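Trainee: Sending over structure11.pdb (PDB, C-alpha atoms and all ligand atoms).
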ATOM      1  CA  MET G  14     -90.642  48.594 -19.066
ATOM      2  CA  ALA G  15     -87.993  50.550 -17.142
ATOM      3  CA  GLU G  16     -84.486  49.221 -17.651
ATOM      4  CA  THR G  17     -83.045  47.632 -14.527
ATOM      5  CA  THR G  18     -79.846  49.025 -13.064
ATOM      6  CA  LYS G  19     -79.422  46.196 -10.602
ATOM      7  CA  THR G  20     -76.185  44.210 -10.832
ATOM      8  CA  PRO G  21     -76.874  40.772 -12.309
ATOM      9  CA  VAL G  22     -76.086  37.804 -10.096
ATOM     10  CA  THR G  23     -75.240  34.213 -10.943
ATOM     11  CA  ILE G  24     -75.951  31.553  -8.335
ATOM     12  CA  LEU G  25     -73.957  28.316  -8.454
ATOM     13  CA  GLY G  26     -75.772  25.658  -6.445
ATOM     14  CA  LEU G  27     -79.505  25.257  -6.001
ATOM     15  CA  GLY G  28     -79.748  23.364  -2.763
ATOM     16  CA  ALA G  29     -82.135  24.679  -0.133
ATOM     17  CA  MET G  30     -79.965  27.737   0.495
ATOM     18  CA  GLY G  31     -79.108  28.499  -3.141
ATOM     19  CA  GLN G  32     -82.811  28.396  -4.029
ATOM     20  CA  ALA G  33     -83.648  30.749  -1.146
ATOM     21  CA  LEU G  34     -80.949  33.215  -2.231
ATOM     22  CA  ALA G  35     -82.019  33.128  -5.881
ATOM     23  CA  ALA G  36     -85.718  33.502  -5.018
ATOM     24  CA  THR G  37     -84.936  36.518  -2.826
ATOM     25  CA  PHE G  38     -82.916  38.198  -5.573
ATOM     26  CA  LEU G  39     -85.657  37.567  -8.118
ATOM     27  CA  LYS G  40     -88.287  38.998  -5.797
ATOM     28  CA  ALA G  41     -86.159  42.147  -5.514
ATOM     29  CA  GLY G  42     -85.858  42.421  -9.296
ATOM     30  CA  VAL G  43     -82.204  41.364  -9.529
ATOM     31  CA  PRO G  44     -81.417  39.678 -12.881
ATOM     32  CA  THR G  45     -80.491  36.174 -11.728
ATOM     33  CA  THR G  46     -78.840  33.289 -13.544
ATOM     34  CA  VAL G  47     -78.893  29.880 -11.888
ATOM     35  CA  TRP G  48     -76.916  26.671 -12.305
ATOM     36  CA  ASN G  49     -77.015  23.390 -10.450
ATOM     37  CA  ARG G  50     -75.030  20.171 -10.943
ATOM     38  CA  THR G  51     -78.173  18.062 -10.989
ATOM     39  CA  PRO G  52     -80.768  19.440 -13.399
ATOM     40  CA  GLY G  53     -84.382  20.065 -12.427
ATOM     41  CA  LYS G  54     -83.981  22.116  -9.264
ATOM     42  CA  ASP G  55     -84.565  25.423 -11.022
ATOM     43  CA  ALA G  56     -88.231  25.022 -12.046
ATOM     44  CA  ASP G  57     -89.687  27.471  -9.504
ATOM     45  CA  LEU G  58     -86.876  29.944 -10.112
ATOM     46  CA  LEU G  59     -87.335  29.860 -13.881
ATOM     47  CA  ALA G  60     -91.031  30.500 -13.363
ATOM     48  CA  ALA G  61     -90.046  33.498 -11.226
ATOM     49  CA  GLY G  62     -87.870  34.903 -14.001
ATOM     50  CA  ALA G  63     -84.438  33.334 -13.517
ATOM     51  CA  VAL G  64     -82.249  32.390 -16.464
ATOM     52  CA  GLY G  65     -81.224  28.748 -16.207
ATOM     53  CA  VAL G  66     -77.977  27.501 -17.704
ATOM     54  CA  ALA G  67     -76.844  23.921 -18.194
ATOM     55  CA  THR G  68     -73.098  24.274 -17.661
ATOM     56  CA  VAL G  69     -70.846  26.046 -15.174
ATOM     57  CA  ALA G  70     -68.988  27.631 -18.080
ATOM     58  CA  GLU G  71     -72.207  29.303 -19.277
ATOM     59  CA  ALA G  72     -72.917  30.431 -15.729
ATOM     60  CA  ILE G  73     -69.466  31.985 -15.345
ATOM     61  CA  ASP G  74     -69.638  33.700 -18.723
ATOM     62  CA  THR G  75     -72.605  35.809 -17.618
ATOM     63  CA  GLU G  76     -72.200  39.414 -16.463
ATOM     64  CA  GLY G  77     -72.021  40.467 -12.850
ATOM     65  CA  LEU G  78     -71.458  38.891  -9.495
ATOM     66  CA  ILE G  79     -70.908  35.140  -9.058
ATOM     67  CA  ILE G  80     -72.165  33.552  -5.833
ATOM     68  CA  ALA G  81     -71.280  29.943  -4.975
ATOM     69  CA  VAL G  82     -73.476  28.211  -2.411
ATOM     70  CA  LEU G  83     -72.465  24.579  -2.630
ATOM     71  CA  LEU G  84     -72.124  21.762  -0.140
ATOM     72  CA  ASP G  85     -68.527  22.161   1.013
ATOM     73  CA  HIS G  86     -64.988  23.186   0.106
ATOM     74  CA  ALA G  87     -64.437  20.145  -2.132
ATOM     75  CA  SER G  88     -67.606  20.851  -4.116
ATOM     76  CA  VAL G  89     -66.486  24.443  -4.736
ATOM     77  CA  HIS G  90     -63.263  23.162  -6.287
ATOM     78  CA  ALA G  91     -65.107  20.410  -8.179
ATOM     79  CA  THR G  92     -67.346  23.108  -9.682
ATOM     80  CA  LEU G  93     -64.852  25.900 -10.343
ATOM     81  CA  ASP G  94     -61.568  24.127 -11.140
ATOM     82  CA  PRO G  95     -62.694  23.159 -14.651
ATOM     83  CA  VAL G  96     -63.636  26.799 -15.440
ATOM     84  CA  ALA G  97     -60.793  28.513 -13.560
ATOM     85  CA  ASP G  98     -59.431  30.133 -16.712
ATOM     86  CA  ARG G  99     -62.762  31.974 -17.159
ATOM     87  CA  LEU G 100     -62.597  33.652 -13.740
ATOM     88  CA  ALA G 101     -59.996  36.331 -14.543
ATOM     89  CA  GLY G 102     -61.365  39.792 -13.819
ATOM     90  CA  ARG G 103     -64.479  38.398 -12.134
ATOM     91  CA  GLN G 104     -65.824  38.826  -8.608
ATOM     92  CA  LEU G 105     -66.746  35.700  -6.646
ATOM     93  CA  ILE G 106     -68.546  35.399  -3.321
ATOM     94  CA  ASN G 107     -68.418  31.990  -1.700
ATOM     95  CA  LEU G 108     -71.278  31.418   0.747
ATOM     96  CA  THR G 109     -70.531  27.710   1.043
ATOM     97  CA  SER G 110     -69.657  26.738   4.614
ATOM     98  CA  THR G 111     -65.914  26.197   4.581
ATOM     99  CA  ALA G 112     -63.392  25.985   7.423
ATOM    100  CA  PRO G 113     -61.255  29.142   7.824
ATOM    101  CA  ASN G 114     -58.160  27.640   6.206
ATOM    102  CA  GLU G 115     -60.288  26.331   3.347
ATOM    103  CA  ALA G 116     -61.628  29.861   2.787
ATOM    104  CA  ARG G 117     -58.049  31.200   2.774
ATOM    105  CA  GLU G 118     -57.027  28.493   0.337
ATOM    106  CA  LEU G 119     -59.911  29.418  -1.971
ATOM    107  CA  ALA G 120     -59.007  33.119  -1.752
ATOM    108  CA  GLY G 121     -55.429  32.307  -2.783
ATOM    109  CA  TRP G 122     -56.629  29.988  -5.532
ATOM    110  CA  ALA G 123     -59.009  32.654  -6.856
ATOM    111  CA  ALA G 124     -56.283  35.330  -6.738
ATOM    112  CA  GLY G 125     -54.030  32.987  -8.708
ATOM    113  CA  HIS G 126     -56.676  33.049 -11.442
ATOM    114  CA  GLY G 127     -57.153  36.834 -11.335
ATOM    115  CA  CYS G 128     -60.480  36.587  -9.495
ATOM    116  CA  ASP G 129     -61.499  38.856  -6.608
ATOM    117  CA  TYR G 130     -62.787  36.654  -3.720
ATOM    118  CA  LEU G 131     -65.084  37.410  -0.798
ATOM    119  CA  ASP G 132     -65.994  34.691   1.680
ATOM    120  CA  GLY G 133     -69.280  34.620   3.570
ATOM    121  CA  GLY G 134     -70.798  32.730   6.476
ATOM    122  CA  ILE G 135     -74.597  32.561   6.444
ATOM    123  CA  MET G 136     -76.123  32.951   9.895
ATOM    124  CA  ALA G 137     -79.619  31.892   8.864
ATOM    125  CA  VAL G 138     -81.652  28.950   7.648
ATOM    126  CA  PRO G 139     -83.235  29.175   4.176
ATOM    127  CA  PRO G 140     -86.677  30.527   5.246
ATOM    128  CA  MET G 141     -84.930  33.404   7.053
ATOM    129  CA  ILE G 142     -83.246  34.716   3.891
ATOM    130  CA  GLY G 143     -84.564  38.172   3.037
ATOM    131  CA  GLN G 144     -86.204  38.436   6.465
ATOM    132  CA  PRO G 145     -85.213  40.454   9.543
ATOM    133  CA  GLY G 146     -82.952  38.436  11.827
ATOM    134  CA  ALA G 147     -80.856  36.895   9.059
ATOM    135  CA  SER G 148     -77.239  37.938   8.783
ATOM    136  CA  ILE G 149     -74.292  37.034   6.593
ATOM    137  CA  LEU G 150     -70.731  37.605   7.800
ATOM    138  CA  TYR G 151     -68.123  38.501   5.179
ATOM    139  CA  SER G 152     -64.349  38.718   4.934
ATOM    140  CA  GLY G 153     -61.853  38.823   2.106
ATOM    141  CA  SER G 154     -62.033  41.374  -0.700
ATOM    142  CA  ARG G 155     -63.202  44.759   0.590
ATOM    143  CA  THR G 156     -63.738  45.820  -3.019
ATOM    144  CA  VAL G 157     -66.226  43.042  -3.673
ATOM    145  CA  PHE G 158     -68.050  43.787  -0.425
ATOM    146  CA  ASP G 159     -68.244  47.546  -0.975
ATOM    147  CA  THR G 160     -69.273  47.171  -4.596
ATOM    148  CA  HIS G 161     -72.132  44.790  -3.844
ATOM    149  CA  VAL G 162     -73.206  45.585  -0.305
ATOM    150  CA  GLU G 163     -76.620  46.886  -1.406
ATOM    151  CA  THR G 164     -77.277  43.694  -3.343
ATOM    152  CA  LEU G 165     -76.063  41.581  -0.409
ATOM    153  CA  GLU G 166     -78.320  43.442   2.027
ATOM    154  CA  LEU G 167     -81.287  42.079   0.052
ATOM    155  CA  LEU G 168     -80.410  38.640   1.411
ATOM    156  CA  ALA G 169     -79.551  39.447   5.015
ATOM    157  CA  ALA G 170     -77.804  42.037   7.158
ATOM    158  CA  ALA G 171     -74.283  42.185   5.731
ATOM    159  CA  GLU G 172     -71.254  42.707   7.974
ATOM    160  CA  TYR G 173     -67.629  42.879   6.800
ATOM    161  CA  PHE G 174     -64.817  41.787   9.138
ATOM    162  CA  GLY G 175     -61.589  42.358   7.217
ATOM    163  CA  GLY G 176     -59.254  41.203   4.497
ATOM    164  CA  ASP G 177     -58.477  37.764   5.958
ATOM    165  CA  ALA G 178     -60.798  35.480   3.972
ATOM    166  CA  GLY G 179     -60.867  33.038   6.898
ATOM    167  CA  LEU G 180     -62.208  35.531   9.430
ATOM    168  CA  ALA G 181     -65.911  35.316   8.536
ATOM    169  CA  SER G 182     -65.726  31.541   8.625
ATOM    170  CA  THR G 183     -64.047  31.643  12.046
ATOM    171  CA  TYR G 184     -66.921  33.769  13.385
ATOM    172  CA  ASP G 185     -69.415  31.445  11.683
ATOM    173  CA  PHE G 186     -67.964  28.253  13.145
ATOM    174  CA  ALA G 187     -67.405  29.791  16.602
ATOM    175  CA  LEU G 188     -71.067  30.837  16.685
ATOM    176  CA  LEU G 189     -72.112  27.393  15.481
ATOM    177  CA  ALA G 190     -69.978  25.780  18.210
ATOM    178  CA  ALA G 191     -71.907  27.806  20.803
ATOM    179  CA  MET G 192     -75.180  26.836  19.104
ATOM    180  CA  TYR G 193     -74.427  23.117  19.078
ATOM    181  CA  ALA G 194     -73.463  23.197  22.779
ATOM    182  CA  MET G 195     -76.799  24.902  23.468
ATOM    183  CA  PHE G 196     -78.735  22.362  21.366
ATOM    184  CA  GLY G 197     -76.948  19.471  23.106
ATOM    185  CA  GLY G 198     -77.788  20.938  26.499
ATOM    186  CA  PHE G 199     -81.435  21.188  25.497
ATOM    187  CA  LEU G 200     -81.521  17.549  24.352
ATOM    188  CA  HIS G 201     -79.891  16.446  27.606
ATOM    189  CA  GLY G 202     -82.379  18.437  29.677
ATOM    190  CA  ALA G 203     -85.311  17.134  27.615
ATOM    191  CA  ALA G 204     -84.130  13.558  28.236
ATOM    192  CA  MET G 205     -84.023  14.215  31.984
ATOM    193  CA  MET G 206     -87.536  15.692  31.895
ATOM    194  CA  ARG G 207     -88.837  12.663  29.954
ATOM    195  CA  SER G 208     -88.015  10.562  33.043
ATOM    196  CA  VAL G 209     -90.660  12.514  34.986
ATOM    197  CA  GLY G 210     -93.179  12.579  32.155
ATOM    198  CA  VAL G 211     -92.703  16.195  31.032
ATOM    199  CA  PRO G 212     -93.020  16.659  27.236
ATOM    200  CA  ALA G 213     -89.966  18.034  25.435
ATOM    201  CA  ALA G 214     -92.035  20.883  23.957
ATOM    202  CA  GLU G 215     -93.031  22.075  27.407
ATOM    203  CA  PHE G 216     -89.431  21.865  28.594
ATOM    204  CA  GLY G 217     -88.391  23.678  25.413
ATOM    205  CA  ARG G 218     -90.452  26.743  26.293
ATOM    206  CA  ARG G 219     -88.914  26.894  29.765
ATOM    207  CA  ALA G 220     -85.375  26.202  28.509
ATOM    208  CA  ALA G 221     -85.632  28.950  25.875
ATOM    209  CA  ALA G 222     -86.354  31.560  28.530
ATOM    210  CA  TRP G 223     -83.633  30.258  30.874
ATOM    211  CA  VAL G 224     -80.913  29.962  28.257
ATOM    212  CA  SER G 225     -81.779  33.432  26.857
ATOM    213  CA  ALA G 226     -81.441  34.926  30.343
ATOM    214  CA  MET G 227     -78.138  33.144  30.989
ATOM    215  CA  ALA G 228     -76.732  34.199  27.615
ATOM    216  CA  GLN G 229     -76.874  37.822  28.756
ATOM    217  CA  SER G 230     -73.762  37.066  30.830
ATOM    218  CA  PHE G 231     -71.600  36.302  27.749
ATOM    219  CA  PRO G 232     -70.199  39.848  27.329
ATOM    220  CA  HIS G 233     -69.242  39.982  31.019
ATOM    221  CA  GLN G 234     -67.687  36.512  30.839
ATOM    222  CA  GLY G 235     -65.802  37.678  27.772
ATOM    223  CA  THR G 236     -64.355  40.623  29.696
ATOM    224  CA  VAL G 237     -63.258  38.279  32.506
ATOM    225  CA  ILE G 238     -61.524  36.075  29.919
ATOM    226  CA  ASP G 239     -59.912  38.996  28.041
ATOM    227  CA  THR G 240     -58.496  40.422  31.284
ATOM    228  CA  ALA G 241     -57.770  36.984  32.810
ATOM    229  CA  THR G 242     -59.307  38.149  36.108
ATOM    230  CA  TYR G 243     -60.078  34.731  37.488
ATOM    231  CA  ILE G 244     -59.492  35.487  41.169
ATOM    232  CA  ASP G 245     -62.276  36.388  43.654
ATOM    233  CA  PRO G 246     -65.080  35.011  41.474
ATOM    234  CA  ILE G 247     -68.766  35.106  42.352
ATOM    235  CA  GLN G 248     -68.930  31.405  41.548
ATOM    236  CA  SER G 249     -65.806  29.276  41.581
ATOM    237  CA  ILE G 250     -64.712  26.280  39.539
ATOM    238  CA  ALA G 251     -65.255  24.117  42.650
ATOM    239  CA  PHE G 252     -68.835  25.427  42.922
ATOM    240  CA  HIS G 253     -69.564  24.506  39.306
ATOM    241  CA  LYS G 254     -67.818  21.122  39.703
ATOM    242  CA  ALA G 255     -70.215  20.297  42.548
ATOM    243  CA  ALA G 256     -73.144  21.255  40.313
ATOM    244  CA  LEU G 257     -71.853  19.145  37.399
ATOM    245  CA  ASP G 258     -71.253  16.190  39.763
ATOM    246  CA  ALA G 259     -74.861  16.465  40.967
ATOM    247  CA  ILE G 260     -76.220  16.783  37.412
ATOM    248  CA  THR G 261     -74.243  13.685  36.439
ATOM    249  CA  ARG G 262     -75.716  11.713  39.379
ATOM    250  CA  ALA G 263     -79.217  12.979  38.595
ATOM    251  CA  SER G 264     -78.827  12.043  34.936
ATOM    252  CA  ARG G 265     -77.730   8.511  35.781
ATOM    253  CA  ASP G 266     -80.642   8.172  38.237
ATOM    254  CA  ALA G 267     -82.961   9.205  35.383
ATOM    255  CA  HIS G 268     -81.285   6.624  33.085
ATOM    256  CA  VAL G 269     -79.956   9.439  30.923
ATOM    257  CA  THR G 270     -76.389   9.096  29.709
ATOM    258  CA  PRO G 271     -74.204  11.925  31.036
ATOM    259  CA  ASP G 272     -72.255  11.947  27.748
ATOM    260  CA  PHE G 273     -73.229  15.503  26.923
ATOM    261  CA  VAL G 274     -72.228  17.057  30.256
ATOM    262  CA  ALA G 275     -69.137  14.843  30.617
ATOM    263  CA  PRO G 276     -66.706  17.098  28.682
ATOM    264  CA  MET G 277     -67.502  20.093  30.895
ATOM    265  CA  LYS G 278     -67.179  17.941  34.004
ATOM    266  CA  THR G 279     -63.777  16.695  32.788
ATOM    267  CA  LEU G 280     -62.525  20.273  32.351
ATOM    268  CA  LEU G 281     -63.717  21.284  35.831
ATOM    269  CA  ASP G 282     -62.408  18.120  37.501
ATOM    270  CA  ARG G 283     -58.985  18.697  35.967
ATOM    271  CA  GLN G 284     -58.766  22.258  37.277
ATOM    272  CA  VAL G 285     -59.822  21.255  40.785
ATOM    273  CA  ALA G 286     -57.228  18.455  40.717
ATOM    274  CA  ASP G 287     -54.626  21.050  39.655
ATOM    275  CA  GLY G 288     -55.472  23.241  42.685
ATOM    276  CA  ARG G 289     -57.457  25.870  40.739
ATOM    277  CA  GLY G 290     -60.854  25.211  42.324
ATOM    278  CA  THR G 291     -61.095  28.683  43.893
ATOM    279  CA  LEU G 292     -60.693  30.479  40.558
ATOM    280  CA  GLY G 293     -63.629  31.670  38.486
ATOM    281  CA  PHE G 294     -65.505  29.393  36.070
ATOM    282  CA  GLU G 295     -64.305  31.472  33.112
ATOM    283  CA  ARG G 296     -60.768  30.169  33.738
ATOM    284  CA  THR G 297     -62.001  26.997  31.977
ATOM    285  CA  PHE G 298     -61.379  28.955  28.752
ATOM    286  CA  GLU G 299     -57.602  28.536  29.362
ATOM    287  CA  GLU G 300     -58.024  24.730  29.396
ATOM    288  CA  LEU G 301     -59.233  24.871  25.787
ATOM    289  CA  LEU G 302     -56.084  26.456  24.352
TER
HETATM  290  N1  LIG Q 401     -79.380  25.060   4.837
HETATM  291  C1  LIG Q 401     -78.994  25.637   5.967
HETATM  292  O1  LIG Q 401     -79.733  25.763   6.905
HETATM  293  C2  LIG Q 401     -77.576  26.145   6.140
HETATM  294  C3  LIG Q 401     -77.528  27.494   6.808
HETATM  295  C4  LIG Q 401     -76.126  28.010   6.990
HETATM  296  C5  LIG Q 401     -75.289  27.871   5.736
HETATM  297  N2  LIG Q 401     -75.419  26.557   5.149
HETATM  298  C6  LIG Q 401     -74.454  26.228   4.139
HETATM  299  O2  LIG Q 401     -74.863  26.620   2.828
HETATM  300  C7  LIG Q 401     -74.320  25.689   1.889
HETATM  301  C8  LIG Q 401     -75.438  25.144   1.010
HETATM  302  O3  LIG Q 401     -76.407  24.607   1.862
HETATM  303  P1  LIG Q 401     -77.754  23.979   1.291
HETATM  304  O4  LIG Q 401     -78.750  24.030   2.380
HETATM  305  O5  LIG Q 401     -78.131  24.620   0.020
HETATM  306  O6  LIG Q 401     -77.282  22.478   1.043
HETATM  307  P2  LIG Q 401     -77.965  21.353   0.150
HETATM  308  O7  LIG Q 401     -79.434  21.561   0.088
HETATM  309  O8  LIG Q 401     -77.458  20.059   0.666
HETATM  310  O9  LIG Q 401     -77.386  21.618  -1.319
HETATM  311  C9  LIG Q 401     -76.033  21.367  -1.616
HETATM  312  C10 LIG Q 401     -75.711  21.924  -2.989
HETATM  313  O10 LIG Q 401     -74.345  21.614  -3.303
HETATM  314  C11 LIG Q 401     -74.353  20.925  -4.572
HETATM  315  N3  LIG Q 401     -73.215  20.007  -4.617
HETATM  316  C12 LIG Q 401     -72.871  19.083  -3.706
HETATM  317  N4  LIG Q 401     -71.750  18.454  -4.101
HETATM  318  C13 LIG Q 401     -71.394  18.992  -5.284
HETATM  319  C14 LIG Q 401     -70.320  18.771  -6.192
HETATM  320  N5  LIG Q 401     -69.382  17.846  -5.944
HETATM  321  N6  LIG Q 401     -70.265  19.500  -7.310
HETATM  322  C15 LIG Q 401     -71.209  20.441  -7.583
HETATM  323  N7  LIG Q 401     -72.268  20.699  -6.767
HETATM  324  C16 LIG Q 401     -72.338  19.987  -5.628
HETATM  325  C17 LIG Q 401     -75.680  20.228  -4.642
HETATM  326  O11 LIG Q 401     -75.928  19.912  -5.982
HETATM  327  P3  LIG Q 401     -76.836  18.659  -6.390
HETATM  328  O12 LIG Q 401     -76.579  17.574  -5.363
HETATM  329  O13 LIG Q 401     -78.243  19.135  -6.377
HETATM  330  O14 LIG Q 401     -76.364  18.298  -7.729
HETATM  331  C18 LIG Q 401     -76.594  21.326  -4.086
HETATM  332  O15 LIG Q 401     -76.849  22.290  -5.049
HETATM  333  C19 LIG Q 401     -73.620  24.588   2.668
HETATM  334  O16 LIG Q 401     -72.241  24.834   2.718
HETATM  335  C20 LIG Q 401     -74.230  24.731   4.054
HETATM  336  O17 LIG Q 401     -73.365  24.286   5.092
HETATM  337  C21 LIG Q 401     -76.791  26.180   4.855
END
How would this structure read if it were set down as structure tokens?
Mentor:
Amino acid sequence: MAETTKTPVTILGLGAMGQALAATFLKAGVPTTVWNRTPGKDADLLAAGAVGVATVAEAIDTEGLIIAVLLDHASVHATLDPVADRLAGRQLINLTSTAPNEARELAGWAAGHGCDYLDGGIMAVPPMIGQPGASILYSGSRTVFDTHVETLELLAAAEYFGGDAGLASTYDFALLAAMYAMFGGFLHGAAMMRSVGVPAAEFGRRAAAWVSAMAQSFPHQGTVIDTATYIDPIQSIAFHKAALDAITRASRDAHVTPDFVAPMKTLLDRQVADGRGTLGFERTFEELL
């Protein structure tokens, strides 16, 4: 059998995402070692050729790249603190979702133990790993990224943002904030449509097309925000306040709580009360700072 030249990888954490990452590496012929706090989650991976280890120390003592994909910041420390003295000279990628300052803290902690740290934000759900459309955003050690970019591209499109370990996480959470607002808007709309007997799935098809079309305006809105050109808008804050007022009345009439649209209405109401009703909707950005 031909000897593999692929860099070995060790995955710490075999939740849904860790299993998807490990399975994708194995499929691509990457020598993969796996560890999980709770035993028994590695059965399929072992059958696919992974090496299973029982302790974090054994996992760290393997060759190659270490990838942590655990629940949260605290679980990364709970896993790695006891083996910190084994990390010197190693390269660690943390794909656990952590807040930007938590990623920076981990980068500093890793550096203090002689470990080169790259942080990553996964923009995908487990079934998307290894498929077109998945991406992972990275920041922190350029050396780790450049050394392993080919391996990382097996998982998802890999993009590097810079040396600040918190940058990828900031992108990740900002994108998730936009996603949750979109999901909330869909749920609100679906609740309104329920009042007239329209199934949520049918509304979902219509909402997907509408929201996709509206999202095309984001780059333009971004330019308006970056240049703070809020005067002479196509649609003013007062215009959008009237729309939000009407949506709120319609929601109440449909016995749907306006809780989801209320924060946007509050921001618009405040600007109108402050005499800014003629400015463009994008000026609402300034209310968030
Ligand atoms: N799944 C997804 O759709 C999202 C997509 C975007 C990125 N996230 C983040 O990826 C991290 C892992 O997510 P996951 O889906 O694998 O999560 P779980 O299936 O809940 O598995 C969690 C693993 O973490 C282990 N763990 C939890 N606490 C500890 C601890 N104190 N010490 C050691 N390990 C810990 C847990 O182990 P066990 O409960 O099986 O023993 C799992 O391996 C996450 O940051 C997402 O936000 C995924």
Trainee: At a cut-off of 8 Å and counting only C-alpha atoms and all ligand atoms, what residues surround ligand LIG 401 (chain Q)? Please answer as a VMD selection string.
Mentor: chain G and resid 25 to 32 49 to 52 54 82 to 92 108 to 111 134 to 139
Trainee: Rounded to one decimal place, report the atom CA of G:Phe298-atom CA of G:Ile250 distance in Å.
Mentor: 11.6 Å
Trainee: Go through the shown structure with the PyMOL selection byres (((chain G and resi 154) around 10) and not hetatm) and write out the matching residues as a ChimeraX atom specification.
Mentor: /G:104-106,120,129-132,151-153,155-159,173,175-178
Trainee: How would you write, as a PyMOL selection string, the residues chosen by the PyMOL selection byres (((chain G and resi 274) around 10) and not hetatm) on this structure?
Mentor: chain G and resi 194+197-198+201+257-258+260-261+264+270-273+275-279
Trainee: What box, with edges along x, y and z, holds each listed atom of stretch 98-107 of chain G when 5 Å is added on every side, and can you state its centre and edge lengths in Å to one decimal, as lines of an AutoDock Vina configuration file?
Mentor:
center_x = -64.0
center_y = 35.0
center_z = -9.4
size_x = 19.1
size_y = 19.7
size_z = 25.5
Trainee: Check the smallest atom-to-atom distance from each of G:Leu150, G:Ala259, G:Ala61, G:Val269 to G:Met206 using all atoms listed in the file, then report the winner.
Mentor: G:Val269
Trainee: Taking into account all atoms listed in the file, which residue in the set G:Cys128, G:Asp185, G:Arg99, G:Ala70 is nearest to G:Ala112?
Mentor: G:Asp185
Trainee: Report the distance between atom CA of G:Thr45 and atom CA of G:Glu115 in Å, rounded to one decimal place.
Mentor: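 These two atoms are separated by 27.1 Å.
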Trainee: Run through the PyMOL selection byres (((chain G and resi 251) around 9) and not hetatm) on the given coordinates and return the selected residues as a PyMOL selection string.
Mentor: chain G and resi 248-250+252-256+281-282+284-285+289-294
Trainee: Mind giving me the straight-line distance from atom CA of G:Leu78 to atom CA of G:Leu93 in Å, one decimal?
Mentor: 14.6 Å
Trainee: Which one of G:Val224, G:Val69, G:Leu34, G:Ile149 sits closest to G:Phe174 if you count all atoms listed in the file?
Mentor: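 So, comparing all the options, the nearest one is G:Ile149.
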